[in-house]
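Here is data-v2.cif, consisting of mmCIF, C-alpha atoms:
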data_coords
#
loop_
_atom_site.group_PDB
_atom_site.id
_atom_site.type_symbol
_atom_site.label_atom_id
_atom_site.label_comp_id
_atom_site.auth_asym_id
_atom_site.auth_seq_id
_atom_site.Cartn_x
_atom_site.Cartn_y
_atom_site.Cartn_z
ATOM 1 C CA ILE A 1 81.426 72.953 142.250
ATOM 2 C CA LEU A 2 84.632 71.279 141.063
ATOM 3 C CA VAL A 3 86.323 74.654 140.535
ATOM 4 C CA LEU A 4 85.270 75.821 144.005
ATOM 5 C CA TYR A 5 86.600 72.610 145.543
ATOM 6 C CA MET A 6 89.956 73.072 143.811
ATOM 7 C CA LEU A 7 90.185 76.663 145.052
ATOM 8 C CA ILE A 8 89.486 75.600 148.622
ATOM 9 C CA ARG A 9 92.098 72.831 148.451
ATOM 10 C CA LYS A 10 94.637 75.270 147.033
ATOM 11 C CA ALA A 11 94.055 77.541 150.034
ATOM 12 C CA ASN A 12 94.491 74.587 152.436
ATOM 13 C CA VAL A 13 91.030 75.083 153.929
ATOM 14 C CA GLU A 14 89.471 71.882 155.241
ATOM 15 C CA ASP A 15 86.415 72.965 157.218
ATOM 16 C CA LEU A 16 83.744 74.453 154.938
ATOM 17 C CA ASP A 17 81.745 75.615 157.958
ATOM 18 C CA GLU A 18 84.504 78.112 158.781
ATOM 19 C CA ILE A 19 84.310 79.872 155.420
ATOM 20 C CA ASP A 20 82.210 82.972 155.160
ATOM 21 C CA LYS A 21 83.246 84.054 151.648
ATOM 22 C CA ILE A 22 85.683 82.883 148.985
ATOM 23 C CA TYR A 23 86.432 84.713 145.779
ATOM 24 C CA LEU A 24 89.082 85.432 143.121
ATOM 25 C CA GLU A 25 90.812 88.761 142.949
ATOM 26 C CA GLY A 26 91.887 90.209 139.580
ATOM 27 C CA VAL A 27 93.447 87.982 136.983
ATOM 28 C CA THR A 28 96.236 86.623 139.177
ATOM 29 C CA ASP A 29 94.172 83.751 140.549
ATOM 30 C CA GLU A 30 94.957 84.957 144.057
ATOM 31 C CA ILE A 31 92.502 83.384 146.426
ATOM 32 C CA LYS A 32 90.845 85.489 149.102
ATOM 33 C CA ILE A 33 89.029 83.651 151.885
ATOM 34 C CA GLN A 34 87.063 85.504 154.502
ATOM 35 C CA PHE A 35 86.249 83.863 157.821
ATOM 36 C CA PRO A 36 83.363 85.030 160.008
ATOM 37 C CA SER A 37 84.495 87.254 162.862
ATOM 38 C CA ARG A 38 84.262 85.752 166.355
ATOM 39 C CA SER A 39 83.654 87.587 169.586
ATOM 40 C CA LYS A 40 85.742 87.158 172.722
ATOM 41 C CA SER A 41 82.932 85.163 174.323
ATOM 42 C CA ASP A 42 82.868 82.769 171.333
ATOM 43 C CA ILE A 43 86.602 82.152 171.676
ATOM 44 C CA ILE A 44 86.312 81.522 175.430
ATOM 45 C CA LYS A 45 83.585 78.944 174.809
ATOM 46 C CA GLU A 46 86.027 76.882 172.748
ATOM 47 C CA MET A 47 88.624 76.677 175.549
ATOM 48 C CA PRO A 48 88.704 73.839 178.110
ATOM 49 C CA GLU A 49 86.569 75.047 181.004
ATOM 50 C CA TYR A 50 86.483 74.149 184.685
ATOM 51 C CA ARG A 51 83.797 75.088 187.180
ATOM 52 C CA THR A 52 84.862 74.428 190.736
ATOM 53 C CA GLN A 53 84.957 75.704 194.269
ATOM 54 C CA ALA A 54 88.335 77.109 195.218
ATOM 55 C CA ILE A 55 90.149 78.547 198.215
ATOM 56 C CA VAL A 56 92.100 81.699 197.379
ATOM 57 C CA LEU A 57 95.578 81.297 198.887
ATOM 58 C CA ASP A 58 97.224 84.437 197.543
ATOM 59 C CA LYS A 59 96.951 87.109 194.857
ATOM 60 C CA GLU A 60 99.964 88.670 193.160
ATOM 61 C CA PRO A 61 100.178 91.659 190.790
ATOM 62 C CA VAL A 62 101.198 91.063 187.183
ATOM 63 C CA ARG A 63 102.156 93.973 184.923
ATOM 64 C CA GLU A 64 100.125 97.130 185.445
ATOM 65 C CA GLN A 65 96.552 95.894 185.587
ATOM 66 C CA ASP A 66 96.523 92.087 185.795
ATOM 67 C CA ALA A 67 96.900 89.712 188.718
ATOM 68 C CA VAL A 68 97.426 86.015 189.411
ATOM 69 C CA ALA A 69 95.218 84.247 191.948
ATOM 70 C CA HIS A 70 96.772 81.210 193.603
ATOM 71 C CA LEU A 71 93.928 78.784 194.239
ATOM 72 C CA PHE A 72 93.442 75.417 195.843
ATOM 73 C CA THR A 73 90.483 74.031 193.941
ATOM 74 C CA LYS A 74 88.163 71.264 195.029
ATOM 75 C CA SER A 75 88.372 69.394 191.720
ATOM 76 C CA HIS A 76 91.919 70.082 190.431
ATOM 77 C CA GLY A 77 94.093 70.906 193.442
ATOM 78 C CA ARG A 78 96.494 73.840 193.311
ATOM 79 C CA VAL A 79 96.025 76.117 190.291
ATOM 80 C CA ALA A 80 97.392 79.573 189.419
ATOM 81 C CA ALA A 81 94.782 81.546 187.472
ATOM 82 C CA LYS A 82 95.324 84.857 185.722
ATOM 83 C CA LEU A 83 92.865 87.679 186.405
ATOM 84 C CA ILE A 84 92.786 89.922 183.342
ATOM 85 C CA SER A 85 92.473 93.543 184.528
ATOM 86 C CA GLY A 86 92.210 92.105 188.030
ATOM 87 C CA ARG A 87 93.836 95.159 189.591
ATOM 88 C CA LYS A 88 91.454 97.693 188.109
ATOM 89 C CA ILE A 89 89.037 99.378 190.486
ATOM 90 C CA THR A 90 86.225 98.508 188.104
ATOM 91 C CA SER A 91 87.143 94.795 187.973
ATOM 92 C CA LYS A 92 84.216 92.528 188.833
ATOM 93 C CA LEU A 93 86.547 89.723 189.933
ATOM 94 C CA ALA A 94 88.951 91.661 192.153
ATOM 95 C CA ALA A 95 86.749 91.732 195.249
ATOM 96 C CA HIS A 96 85.933 88.019 195.045
ATOM 97 C CA PHE A 97 89.440 86.629 194.472
ATOM 98 C CA GLU A 98 90.991 87.890 197.685
ATOM 99 C CA PRO A 99 93.050 85.603 199.964
ATOM 100 C CA ASN A 100 91.233 83.658 202.662
ATOM 101 C CA ARG A 101 88.016 83.271 200.697
ATOM 102 C CA ILE A 102 86.140 80.377 199.171
ATOM 103 C CA VAL A 103 84.863 81.155 195.685
ATOM 104 C CA THR A 104 82.887 79.411 193.001
ATOM 105 C CA ALA A 105 85.199 79.899 190.035
ATOM 106 C CA ARG A 106 84.966 79.404 186.293
ATOM 107 C CA LEU A 107 88.391 78.785 184.813
ATOM 108 C CA VAL A 108 89.342 78.448 181.152
ATOM 109 C CA GLU A 109 92.603 77.124 179.792
ATOM 110 C CA LYS A 110 94.444 78.063 176.623
ATOM 111 C CA GLY A 111 98.166 78.103 177.179
ATOM 112 C CA SER A 112 97.621 79.448 180.681
ATOM 113 C CA VAL A 113 94.652 79.322 183.038
ATOM 114 C CA ARG A 114 92.368 82.333 183.340
ATOM 115 C CA ALA A 115 89.620 83.048 185.833
ATOM 116 C CA VAL A 116 86.748 84.484 183.819
ATOM 117 C CA ASP A 117 84.078 84.402 186.503
ATOM 118 C CA GLY A 118 83.830 83.903 190.241
ATOM 119 C CA VAL A 119 81.666 84.593 193.283
ATOM 120 C CA CYS A 120 82.778 84.607 196.903
ATOM 121 C CA ILE A 121 80.875 82.051 198.982
ATOM 122 C CA ARG A 122 82.331 82.824 202.399
ATOM 123 C CA LYS A 123 85.431 84.124 204.143
ATOM 124 C CA LEU A 124 87.931 81.994 206.006
ATOM 125 C CA ASN A 125 90.378 82.741 208.802
ATOM 126 C CA LEU A 126 93.364 80.632 207.783
ATOM 127 C CA PRO A 127 96.782 81.653 209.161
ATOM 128 C CA TRP A 128 99.057 83.155 206.527
ATOM 129 C CA GLY A 129 101.568 80.373 207.130
ATOM 130 C CA VAL A 130 98.980 77.719 206.284
ATOM 131 C CA MET A 131 98.093 79.370 202.968
ATOM 132 C CA LEU A 132 101.762 79.924 202.090
ATOM 133 C CA ALA A 133 102.565 76.278 202.840
ATOM 134 C CA VAL A 134 99.817 75.031 200.523
ATOM 135 C CA LYS A 135 100.750 77.513 197.814
ATOM 136 C CA GLU A 136 104.404 76.451 197.808
ATOM 137 C CA LEU A 137 104.277 72.772 198.781
ATOM 138 C CA ALA A 138 101.051 71.254 197.428
ATOM 139 C CA PRO A 139 101.583 69.639 194.002
ATOM 140 C CA PRO A 140 99.849 71.473 191.121
ATOM 141 C CA TRP A 141 96.850 69.971 189.354
ATOM 142 C CA GLU A 142 96.398 67.138 191.857
ATOM 143 C CA ALA A 143 93.008 67.015 193.529
ATOM 144 C CA ASP A 144 93.124 66.325 197.269
ATOM 145 C CA ALA A 145 89.668 66.118 198.811
ATOM 146 C CA GLU A 146 91.064 65.612 202.323
ATOM 147 C CA LEU A 147 93.250 68.716 202.118
ATOM 148 C CA TYR A 148 90.394 70.803 200.702
ATOM 149 C CA ALA A 149 88.137 69.672 203.550
ATOM 150 C CA LEU A 150 90.857 70.489 206.085
ATOM 151 C CA LEU A 151 91.308 74.005 204.727
ATOM 152 C CA SER A 152 87.586 74.770 204.476
ATOM 153 C CA ALA A 153 86.566 73.272 207.829
ATOM 154 C CA ALA A 154 85.101 75.398 210.594
ATOM 155 C CA GLU A 155 88.065 74.525 212.814
ATOM 156 C CA GLN A 156 91.057 75.960 210.954
ATOM 157 C CA PRO A 157 94.287 73.925 210.821
ATOM 158 C CA THR A 158 97.441 75.205 212.499
ATOM 159 C CA VAL A 159 100.730 75.790 210.691
ATOM 160 C CA THR A 160 102.234 72.725 212.388
ATOM 161 C CA GLU A 161 99.325 70.534 211.292
ATOM 162 C CA MET A 162 99.531 71.783 207.705
ATOM 163 C CA LEU A 163 103.286 71.295 207.399
ATOM 164 C CA ALA A 164 102.918 67.798 208.841
ATOM 165 C CA TYR A 165 100.157 66.978 206.359
ATOM 166 C CA LEU A 166 102.364 68.145 203.476
ATOM 167 C CA GLY A 167 105.261 65.973 204.649
ATOM 168 C CA TYR A 168 107.319 68.431 206.725
ATOM 169 C CA ASP A 169 106.417 67.671 210.334
ATOM 170 C CA PRO A 170 108.067 70.301 212.577
ATOM 171 C CA ARG A 171 107.981 67.898 215.528
ATOM 172 C CA PHE A 172 110.749 65.839 213.930
ATOM 173 C CA SER A 173 112.758 68.702 212.455
ATOM 174 C CA PHE A 174 116.037 70.465 213.176
ATOM 175 C CA CYS A 175 117.803 73.624 212.000
ATOM 176 C CA LEU A 176 119.640 73.117 208.729
ATOM 177 C CA LEU A 177 122.702 75.108 209.887
ATOM 178 C CA CYS A 178 123.203 74.422 213.585
ATOM 179 C CA GLY A 179 121.137 71.280 214.106
ATOM 180 C CA LYS A 180 118.980 72.769 216.858
ATOM 181 C CA THR A 181 115.841 70.736 217.466
ATOM 182 C CA VAL A 182 112.389 72.298 217.459
ATOM 183 C CA PRO A 183 113.307 75.219 215.151
ATOM 184 C CA GLU A 184 110.993 78.201 214.831
ATOM 185 C CA TYR A 185 110.888 78.701 211.051
ATOM 186 C CA PHE A 186 110.305 76.811 207.810
ATOM 187 C CA LEU A 187 111.894 78.055 204.574
ATOM 188 C CA VAL A 188 109.467 77.357 201.731
ATOM 189 C CA LYS A 189 111.991 77.719 198.888
ATOM 190 C CA GLU A 190 114.650 75.501 200.475
ATOM 191 C CA HIS A 191 112.105 73.128 202.076
ATOM 192 C CA GLU A 192 114.214 73.292 205.222
ATOM 193 C CA PHE A 193 113.867 74.404 208.842
ATOM 194 C CA ALA A 194 115.830 77.157 210.587
ATOM 195 C CA CYS A 195 116.119 78.413 214.136
ATOM 196 C CA ARG A 196 115.779 82.040 215.173
ATOM 197 C CA GLU A 197 119.544 82.560 215.442
ATOM 198 C CA CYS A 198 120.369 81.104 212.013
ATOM 199 C CA LEU A 199 117.462 82.592 210.052
ATOM 200 C CA PRO A 200 119.325 85.803 208.982
ATOM 201 C CA SER A 201 121.963 83.661 207.272
ATOM 202 C CA PHE A 202 119.395 82.534 204.684
ATOM 203 C CA MET A 203 118.470 86.111 203.682
ATOM 204 C CA ALA A 204 114.931 84.950 202.952
ATOM 205 C CA GLY A 205 112.092 87.370 202.237
ATOM 206 C CA GLY A 206 108.927 87.614 204.260
ATOM 207 C CA ASP A 207 106.955 85.554 201.738
ATOM 208 C CA GLU A 208 109.546 82.762 201.899
ATOM 209 C CA VAL A 209 109.471 82.091 205.655
ATOM 210 C CA ILE A 210 106.782 80.446 207.772
ATOM 211 C CA TYR A 211 106.779 81.009 211.505
ATOM 212 C CA ILE A 212 105.886 77.691 213.108
ATOM 213 C CA ARG A 213 105.313 78.305 216.792
ATOM 214 C CA GLU A 214 101.693 79.263 217.367
#
Show this structure as C-alpha coordinates.
Amino acid sequence: ILVLYMLIRKANVEDLDEIDKIYLEGVTDEIKIQFPSRSKSDIIKEMPEYRTQAIVLDKEPVREQDAVAHLFTKSHGRVAAKLISGRKITSKLAAHFEPNRIVTARLVEKGSVRAVDGVCIRKLNLPWGVMLAVKELAPPWEADAELYALLSAAEQPTVTEMLAYLGYDPRFSFCLLCGKTVPEYFLVKEHEFACRECLPSFMAGGDEVIYIRE
(Lines of atoms letter the chains of each structure in order from A and count residues from 1; the text may use other names and numbers.)
(Lines give C-alpha, C1' and ligand atoms only; values in the text may rest on other atoms or scores of the structure.)
Protein backbone atom coordinates (compact mmCIF):
# COMPACT_ATOMS: atom_id res chain seq x y z
CA ILE A 1 0.00 0.00 0.00
CA LEU A 2 2.85 2.36 0.87
CA VAL A 3 4.57 1.69 -2.46
CA LEU A 4 1.33 2.30 -4.36
CA TYR A 5 0.79 5.56 -2.48
CA MET A 6 4.30 6.74 -3.36
CA LEU A 7 3.74 5.91 -7.03
CA ILE A 8 0.50 7.87 -7.10
CA ARG A 9 2.12 10.88 -5.43
CA LYS A 10 5.00 10.74 -7.90
CA ALA A 11 2.49 10.92 -10.76
CA ASN A 12 0.74 13.91 -9.12
CA VAL A 13 -2.59 12.08 -8.97
CA GLU A 14 -4.81 13.20 -6.11
CA ASP A 15 -8.21 11.64 -6.78
CA LEU A 16 -8.09 7.85 -6.45
CA ASP A 17 -11.60 7.56 -7.89
CA GLU A 18 -10.29 8.77 -11.25
CA ILE A 19 -7.73 5.98 -11.58
CA ASP A 20 -8.67 2.94 -13.56
CA LYS A 21 -5.25 1.24 -13.63
CA ILE A 22 -1.73 2.03 -12.45
CA TYR A 23 1.32 -0.05 -13.19
CA LEU A 24 5.10 0.01 -13.75
CA GLU A 25 6.57 -0.43 -17.18
CA GLY A 26 9.93 -2.19 -17.63
CA VAL A 27 12.76 -1.49 -15.27
CA THR A 28 12.79 2.29 -15.71
CA ASP A 29 10.22 2.93 -12.99
CA GLU A 30 8.13 4.84 -15.52
CA ILE A 31 4.64 5.15 -14.17
CA LYS A 32 1.68 4.48 -16.43
CA ILE A 33 -1.74 5.59 -15.19
CA GLN A 34 -4.87 4.78 -17.11
CA PHE A 35 -8.04 6.79 -16.55
CA PRO A 36 -11.49 5.43 -17.42
CA SER A 37 -12.79 6.74 -20.73
CA ARG A 38 -15.70 9.19 -20.54
CA SER A 39 -18.43 9.67 -23.09
CA LYS A 40 -19.51 13.04 -24.46
CA SER A 41 -22.68 12.88 -22.36
CA ASP A 42 -20.60 12.32 -19.19
CA ILE A 43 -18.50 15.40 -19.95
CA ILE A 44 -21.59 17.54 -20.60
CA LYS A 45 -23.05 16.50 -17.24
CA GLU A 46 -20.05 18.03 -15.48
CA MET A 47 -20.53 21.47 -17.10
CA PRO A 48 -22.62 24.24 -15.50
CA GLU A 49 -26.12 23.77 -16.89
CA TYR A 50 -29.05 26.14 -17.35
CA ARG A 51 -32.61 25.19 -18.19
CA THR A 52 -34.68 28.18 -19.17
CA GLN A 53 -37.23 29.58 -21.55
CA ALA A 54 -35.69 31.80 -24.19
CA ILE A 55 -36.71 34.04 -27.08
CA VAL A 56 -34.61 33.47 -30.19
CA LEU A 57 -33.55 36.91 -31.46
CA ASP A 58 -31.25 35.86 -34.29
CA LYS A 59 -29.20 32.96 -35.63
CA GLU A 60 -25.86 33.41 -37.38
CA PRO A 61 -23.71 30.88 -39.27
CA VAL A 62 -20.35 29.89 -37.82
CA ARG A 63 -17.81 27.97 -39.91
CA GLU A 64 -19.30 25.38 -42.23
CA GLN A 65 -21.79 23.54 -40.05
CA ASP A 66 -22.22 25.40 -36.76
CA ALA A 67 -24.37 28.36 -35.79
CA VAL A 68 -24.81 30.83 -32.93
CA ALA A 69 -28.29 31.50 -31.55
CA HIS A 70 -28.76 34.90 -29.94
CA LEU A 71 -31.23 34.39 -27.11
CA PHE A 72 -33.00 36.49 -24.54
CA THR A 73 -33.54 34.03 -21.72
CA LYS A 74 -36.05 34.30 -18.91
CA SER A 75 -33.52 33.51 -16.18
CA HIS A 76 -30.21 34.95 -17.47
CA GLY A 77 -31.05 37.73 -19.93
CA ARG A 78 -29.21 37.97 -23.24
CA VAL A 79 -27.06 34.93 -24.06
CA ALA A 80 -25.28 33.80 -27.24
CA ALA A 81 -25.34 30.00 -27.48
CA LYS A 82 -23.43 27.89 -29.97
CA LEU A 83 -25.34 25.23 -31.91
CA ILE A 84 -22.90 22.46 -32.81
CA SER A 85 -23.76 21.21 -36.32
CA GLY A 86 -26.70 23.61 -36.18
CA ARG A 87 -26.64 24.17 -39.93
CA LYS A 88 -26.87 20.53 -40.90
CA ILE A 89 -30.12 19.36 -42.44
CA THR A 90 -30.17 16.50 -39.95
CA SER A 91 -29.73 18.79 -36.92
CA LYS A 92 -32.42 18.28 -34.29
CA LEU A 93 -31.95 21.81 -32.93
CA ALA A 94 -31.97 23.79 -36.17
CA ALA A 95 -35.74 23.92 -36.61
CA HIS A 96 -36.36 24.96 -33.00
CA PHE A 97 -33.77 27.74 -32.69
CA GLU A 98 -35.14 29.99 -35.41
CA PRO A 99 -35.71 33.73 -34.83
CA ASN A 100 -39.06 34.84 -33.47
CA ARG A 101 -39.66 31.71 -31.43
CA ILE A 102 -39.90 30.91 -27.75
CA VAL A 103 -38.01 27.76 -26.82
CA THR A 104 -37.35 25.73 -23.73
CA ALA A 105 -33.56 25.49 -23.87
CA ARG A 106 -30.89 23.52 -22.06
CA LEU A 107 -27.60 25.38 -22.09
CA VAL A 108 -24.22 24.20 -20.83
CA GLU A 109 -21.18 26.35 -20.22
CA LYS A 110 -17.51 25.46 -20.54
CA GLY A 111 -15.54 28.34 -21.95
CA SER A 112 -18.47 29.25 -24.18
CA VAL A 113 -22.19 28.53 -23.94
CA ARG A 114 -23.68 25.70 -25.98
CA ALA A 115 -27.30 24.81 -26.60
CA VAL A 116 -27.51 21.05 -26.25
CA ASP A 117 -31.28 20.69 -26.26
CA GLY A 118 -34.33 22.79 -27.04
CA VAL A 119 -38.00 22.62 -28.01
CA CYS A 120 -40.04 25.36 -29.63
CA ILE A 121 -43.02 26.36 -27.49
CA ARG A 122 -44.64 28.88 -29.82
CA LYS A 123 -43.89 31.39 -32.55
CA LEU A 124 -43.85 35.14 -32.11
CA ASN A 125 -44.36 38.03 -34.51
CA LEU A 126 -41.81 40.53 -33.25
CA PRO A 127 -40.59 43.19 -35.71
CA TRP A 128 -37.02 42.64 -36.85
CA GLY A 129 -36.05 46.01 -35.40
CA VAL A 130 -37.25 44.98 -31.94
CA MET A 131 -35.18 41.78 -31.97
CA LEU A 132 -32.11 43.60 -33.32
CA ALA A 133 -32.41 46.27 -30.62
CA VAL A 134 -32.50 43.67 -27.84
CA LYS A 135 -29.66 41.69 -29.39
CA GLU A 136 -27.38 44.72 -29.61
CA LEU A 137 -28.45 46.88 -26.66
CA ALA A 138 -29.60 44.59 -23.83
CA PRO A 139 -26.75 43.85 -21.39
CA PRO A 140 -25.54 40.21 -21.46
CA TRP A 141 -26.23 37.85 -18.57
CA GLU A 142 -28.62 40.22 -16.79
CA ALA A 143 -32.08 38.83 -16.18
CA ASP A 144 -34.91 41.28 -16.91
CA ALA A 145 -38.32 39.80 -16.16
CA GLU A 146 -40.13 42.93 -17.37
CA LEU A 147 -38.36 42.90 -20.73
CA TYR A 148 -38.98 39.16 -21.18
CA ALA A 149 -42.68 39.67 -20.45
CA LEU A 150 -42.81 42.57 -22.91
CA LEU A 151 -41.24 40.51 -25.69
CA SER A 152 -43.39 37.42 -25.09
CA ALA A 153 -46.71 39.24 -24.61
CA ALA A 154 -49.62 38.74 -26.98
CA GLU A 155 -49.46 42.42 -27.92
CA GLN A 156 -46.03 42.83 -29.49
CA PRO A 157 -43.98 45.95 -28.67
CA THR A 158 -43.15 48.47 -31.39
CA VAL A 159 -39.62 49.50 -32.32
CA THR A 160 -40.15 52.90 -30.68
CA GLU A 161 -41.33 51.30 -27.44
CA MET A 162 -38.38 48.90 -27.37
CA LEU A 163 -35.77 51.58 -28.03
CA ALA A 164 -37.34 53.73 -25.32
CA TYR A 165 -37.28 50.84 -22.86
CA LEU A 166 -33.58 50.26 -23.60
CA GLY A 167 -32.76 53.93 -23.00
CA TYR A 168 -32.85 55.35 -26.55
CA ASP A 169 -36.24 57.05 -26.84
CA PRO A 170 -36.71 58.20 -30.46
CA ARG A 171 -39.18 60.87 -29.33
CA PHE A 172 -36.32 62.88 -27.84
CA SER A 173 -33.71 62.14 -30.50
CA PHE A 174 -32.03 64.00 -33.35
CA CYS A 175 -29.79 63.12 -36.29
CA LEU A 176 -26.14 62.85 -35.29
CA LEU A 177 -24.93 64.70 -38.42
CA CYS A 178 -27.47 67.38 -39.26
CA GLY A 179 -29.41 67.69 -36.01
CA LYS A 180 -32.79 66.99 -37.59
CA THR A 181 -35.41 66.08 -35.01
CA VAL A 182 -37.52 62.95 -35.29
CA PRO A 183 -34.97 60.97 -37.36
CA GLU A 184 -36.02 57.80 -39.14
CA TYR A 185 -33.16 55.43 -38.24
CA PHE A 186 -31.19 54.13 -35.27
CA LEU A 187 -27.62 52.89 -35.75
CA VAL A 188 -27.06 49.97 -33.38
CA LYS A 189 -23.24 50.01 -33.52
CA GLU A 190 -22.89 53.76 -32.95
CA HIS A 191 -25.91 53.97 -30.60
CA GLU A 192 -26.95 57.08 -32.51
CA PHE A 193 -29.86 58.29 -34.63
CA ALA A 194 -29.74 59.33 -38.29
CA CYS A 195 -32.18 60.89 -40.72
CA ARG A 196 -32.94 59.53 -44.17
CA GLU A 197 -30.69 62.06 -45.92
CA CYS A 198 -27.64 61.44 -43.71
CA LEU A 199 -27.91 57.65 -43.42
CA PRO A 200 -25.68 56.87 -46.48
CA SER A 201 -22.83 58.78 -44.83
CA PHE A 202 -22.58 56.10 -42.13
CA MET A 203 -22.17 53.24 -44.64
CA ALA A 204 -23.96 50.92 -42.24
CA GLY A 205 -25.08 47.42 -43.23
CA GLY A 206 -28.64 46.21 -43.14
CA ASP A 207 -28.12 44.41 -39.82
CA GLU A 208 -26.77 47.61 -38.24
CA VAL A 209 -29.73 49.92 -38.92
CA ILE A 210 -33.18 49.96 -37.34
CA TYR A 211 -36.00 51.74 -39.13
CA ILE A 212 -38.02 53.53 -36.47
CA ARG A 213 -41.16 54.86 -38.11
CA GLU A 214 -43.86 52.21 -38.00
### Query
What is the distance between atom CA of Ala143 of chain A and atom CA of Gln53 of chain A, in Å to one decimal?
11.9 Å
Box dimensions and centre (Å, one decimal) enclosing segment 142-152 of chain A, axis-aligned, 5 Å extra per side, as JSON:
{"center_x": 92.0, "center_y": 70.2, "center_z": 199.0, "size_x": 18.8, "size_y": 19.2, "size_z": 24.2}
### Query
What is the distance between atom CA of Ala95 of chain A and atom CA of Val130 of chain A, in Å to one decimal?
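Spanning atom CA of Ala95 of chain A to atom CA of Val130 of chain A is a straight-line distance of 21.6 Å.
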### Task
Grab the atom CA of Phe193 of chain A to atom CA of Leu163 of chain A distance for me, in Å with one decimal place.
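These atoms are spaced 11.1 Å apart.
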#### Entry: Residue IDs satisfying the PyMOL selection byres ((chain A and resi 174-190) around 8), as a ChimeraX atom specification
/A:133,136-137,170-173,191-196,198-199,204,208-213
I'd like the contact shell of Leu150 of chain A - 12 Å cut-off, only C-alpha atoms, skipping same-chain residues fewer than 4 positions apart - returned as a PDB file with C-alpha atoms, keeping the file's coordinate frame.
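The resulting selection30.pdb:
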ATOM      1  CA  ILE A  55      90.149  78.547 198.215  1.00  0.00           C
ATOM      2  CA  PHE A  72      93.442  75.417 195.843  1.00  0.00           C
ATOM      3  CA  LYS A  74      88.163  71.264 195.029  1.00  0.00           C
ATOM      4  CA  LEU A 124      87.931  81.994 206.006  1.00  0.00           C
ATOM      5  CA  LEU A 126      93.364  80.632 207.783  1.00  0.00           C
ATOM      6  CA  VAL A 130      98.980  77.719 206.284  1.00  0.00           C
ATOM      7  CA  MET A 131      98.093  79.370 202.968  1.00  0.00           C
ATOM      8  CA  VAL A 134      99.817  75.031 200.523  1.00  0.00           C
ATOM      9  CA  ASP A 144      93.124  66.325 197.269  1.00  0.00           C
ATOM     10  CA  ALA A 145      89.668  66.118 198.811  1.00  0.00           C
ATOM     11  CA  GLU A 146      91.064  65.612 202.323  1.00  0.00           C
ATOM     12  CA  ALA A 154      85.101  75.398 210.594  1.00  0.00           C
ATOM     13  CA  GLU A 155      88.065  74.525 212.814  1.00  0.00           C
ATOM     14  CA  GLN A 156      91.057  75.960 210.954  1.00  0.00           C
ATOM     15  CA  PRO A 157      94.287  73.925 210.821  1.00  0.00           C
ATOM     16  CA  THR A 158      97.441  75.205 212.499  1.00  0.00           C
ATOM     17  CA  GLU A 161      99.325  70.534 211.292  1.00  0.00           C
ATOM     18  CA  MET A 162      99.531  71.783 207.705  1.00  0.00           C
ATOM     19  CA  TYR A 165     100.157  66.978 206.359  1.00  0.00           C
TER      20      TYR A 165
END
Could you rebuild segment 61-72 of chain A with N, CA, C and O atoms and give me the result as a PDB file, in the frame of the given file?
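Here's the written file out-v2.pdb:
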ATOM      1  N   PRO A  61     100.308  90.760 191.947  1.00  0.00           N
ATOM      2  CA  PRO A  61     100.178  91.659 190.790  1.00  0.00           C
ATOM      3  C   PRO A  61     101.017  91.173 189.616  1.00  0.00           C
ATOM      4  O   PRO A  61     102.105  90.620 189.788  1.00  0.00           O
ATOM      5  N   VAL A  62     100.490  91.387 188.419  1.00  0.00           N
ATOM      6  CA  VAL A  62     101.198  91.063 187.183  1.00  0.00           C
ATOM      7  C   VAL A  62     101.047  92.255 186.248  1.00  0.00           C
ATOM      8  O   VAL A  62      99.924  92.686 185.953  1.00  0.00           O
ATOM      9  N   ARG A  63     102.161  92.785 185.776  1.00  0.00           N
ATOM     10  CA  ARG A  63     102.156  93.973 184.923  1.00  0.00           C
ATOM     11  C   ARG A  63     101.408  95.110 185.617  1.00  0.00           C
ATOM     12  O   ARG A  63     101.450  95.236 186.832  1.00  0.00           O
ATOM     13  N   GLU A  64     100.740  95.945 184.850  1.00  0.00           N
ATOM     14  CA  GLU A  64     100.125  97.130 185.445  1.00  0.00           C
ATOM     15  C   GLU A  64      98.711  96.876 185.949  1.00  0.00           C
ATOM     16  O   GLU A  64      98.296  97.455 186.947  1.00  0.00           O
ATOM     17  N   GLN A  65      97.969  96.020 185.268  1.00  0.00           N
ATOM     18  CA  GLN A  65      96.552  95.894 185.587  1.00  0.00           C
ATOM     19  C   GLN A  65      96.108  94.476 185.902  1.00  0.00           C
ATOM     20  O   GLN A  65      95.006  94.284 186.425  1.00  0.00           O
ATOM     21  N   ASP A  66      96.935  93.472 185.598  1.00  0.00           N
ATOM     22  CA  ASP A  66      96.523  92.087 185.795  1.00  0.00           C
ATOM     23  C   ASP A  66      96.975  91.563 187.161  1.00  0.00           C
ATOM     24  O   ASP A  66      97.705  92.218 187.891  1.00  0.00           O
ATOM     25  N   ALA A  67      96.518  90.371 187.472  1.00  0.00           N
ATOM     26  CA  ALA A  67      96.900  89.712 188.718  1.00  0.00           C
ATOM     27  C   ALA A  67      96.845  88.202 188.510  1.00  0.00           C
ATOM     28  O   ALA A  67      96.243  87.712 187.551  1.00  0.00           O
ATOM     29  N   VAL A  68      97.493  87.473 189.407  1.00  0.00           N
ATOM     30  CA  VAL A  68      97.426  86.015 189.411  1.00  0.00           C
ATOM     31  C   VAL A  68      96.869  85.573 190.762  1.00  0.00           C
ATOM     32  O   VAL A  68      97.402  85.963 191.816  1.00  0.00           O
ATOM     33  N   ALA A  69      95.807  84.792 190.725  1.00  0.00           N
ATOM     34  CA  ALA A  69      95.218  84.247 191.948  1.00  0.00           C
ATOM     35  C   ALA A  69      95.712  82.815 192.125  1.00  0.00           C
ATOM     36  O   ALA A  69      95.581  81.986 191.231  1.00  0.00           O
ATOM     37  N   HIS A  70      96.315  82.564 193.280  1.00  0.00           N
ATOM     38  CA  HIS A  70      96.772  81.210 193.603  1.00  0.00           C
ATOM     39  C   HIS A  70      95.637  80.507 194.344  1.00  0.00           C
ATOM     40  O   HIS A  70      95.251  80.922 195.441  1.00  0.00           O
ATOM     41  N   LEU A  71      95.122  79.459 193.738  1.00  0.00           N
ATOM     42  CA  LEU A  71      93.928  78.784 194.239  1.00  0.00           C
ATOM     43  C   LEU A  71      94.231  77.348 194.638  1.00  0.00           C
ATOM     44  O   LEU A  71      95.109  76.702 194.053  1.00  0.00           O
ATOM     45  N   PHE A  72      93.485  76.860 195.620  1.00  0.00           N
ATOM     46  CA  PHE A  72      93.442  75.417 195.843  1.00  0.00           C
ATOM     47  C   PHE A  72      92.016  74.998 195.552  1.00  0.00           C
ATOM     48  O   PHE A  72      91.108  75.293 196.325  1.00  0.00           O
TER      49      PHE A  72
END
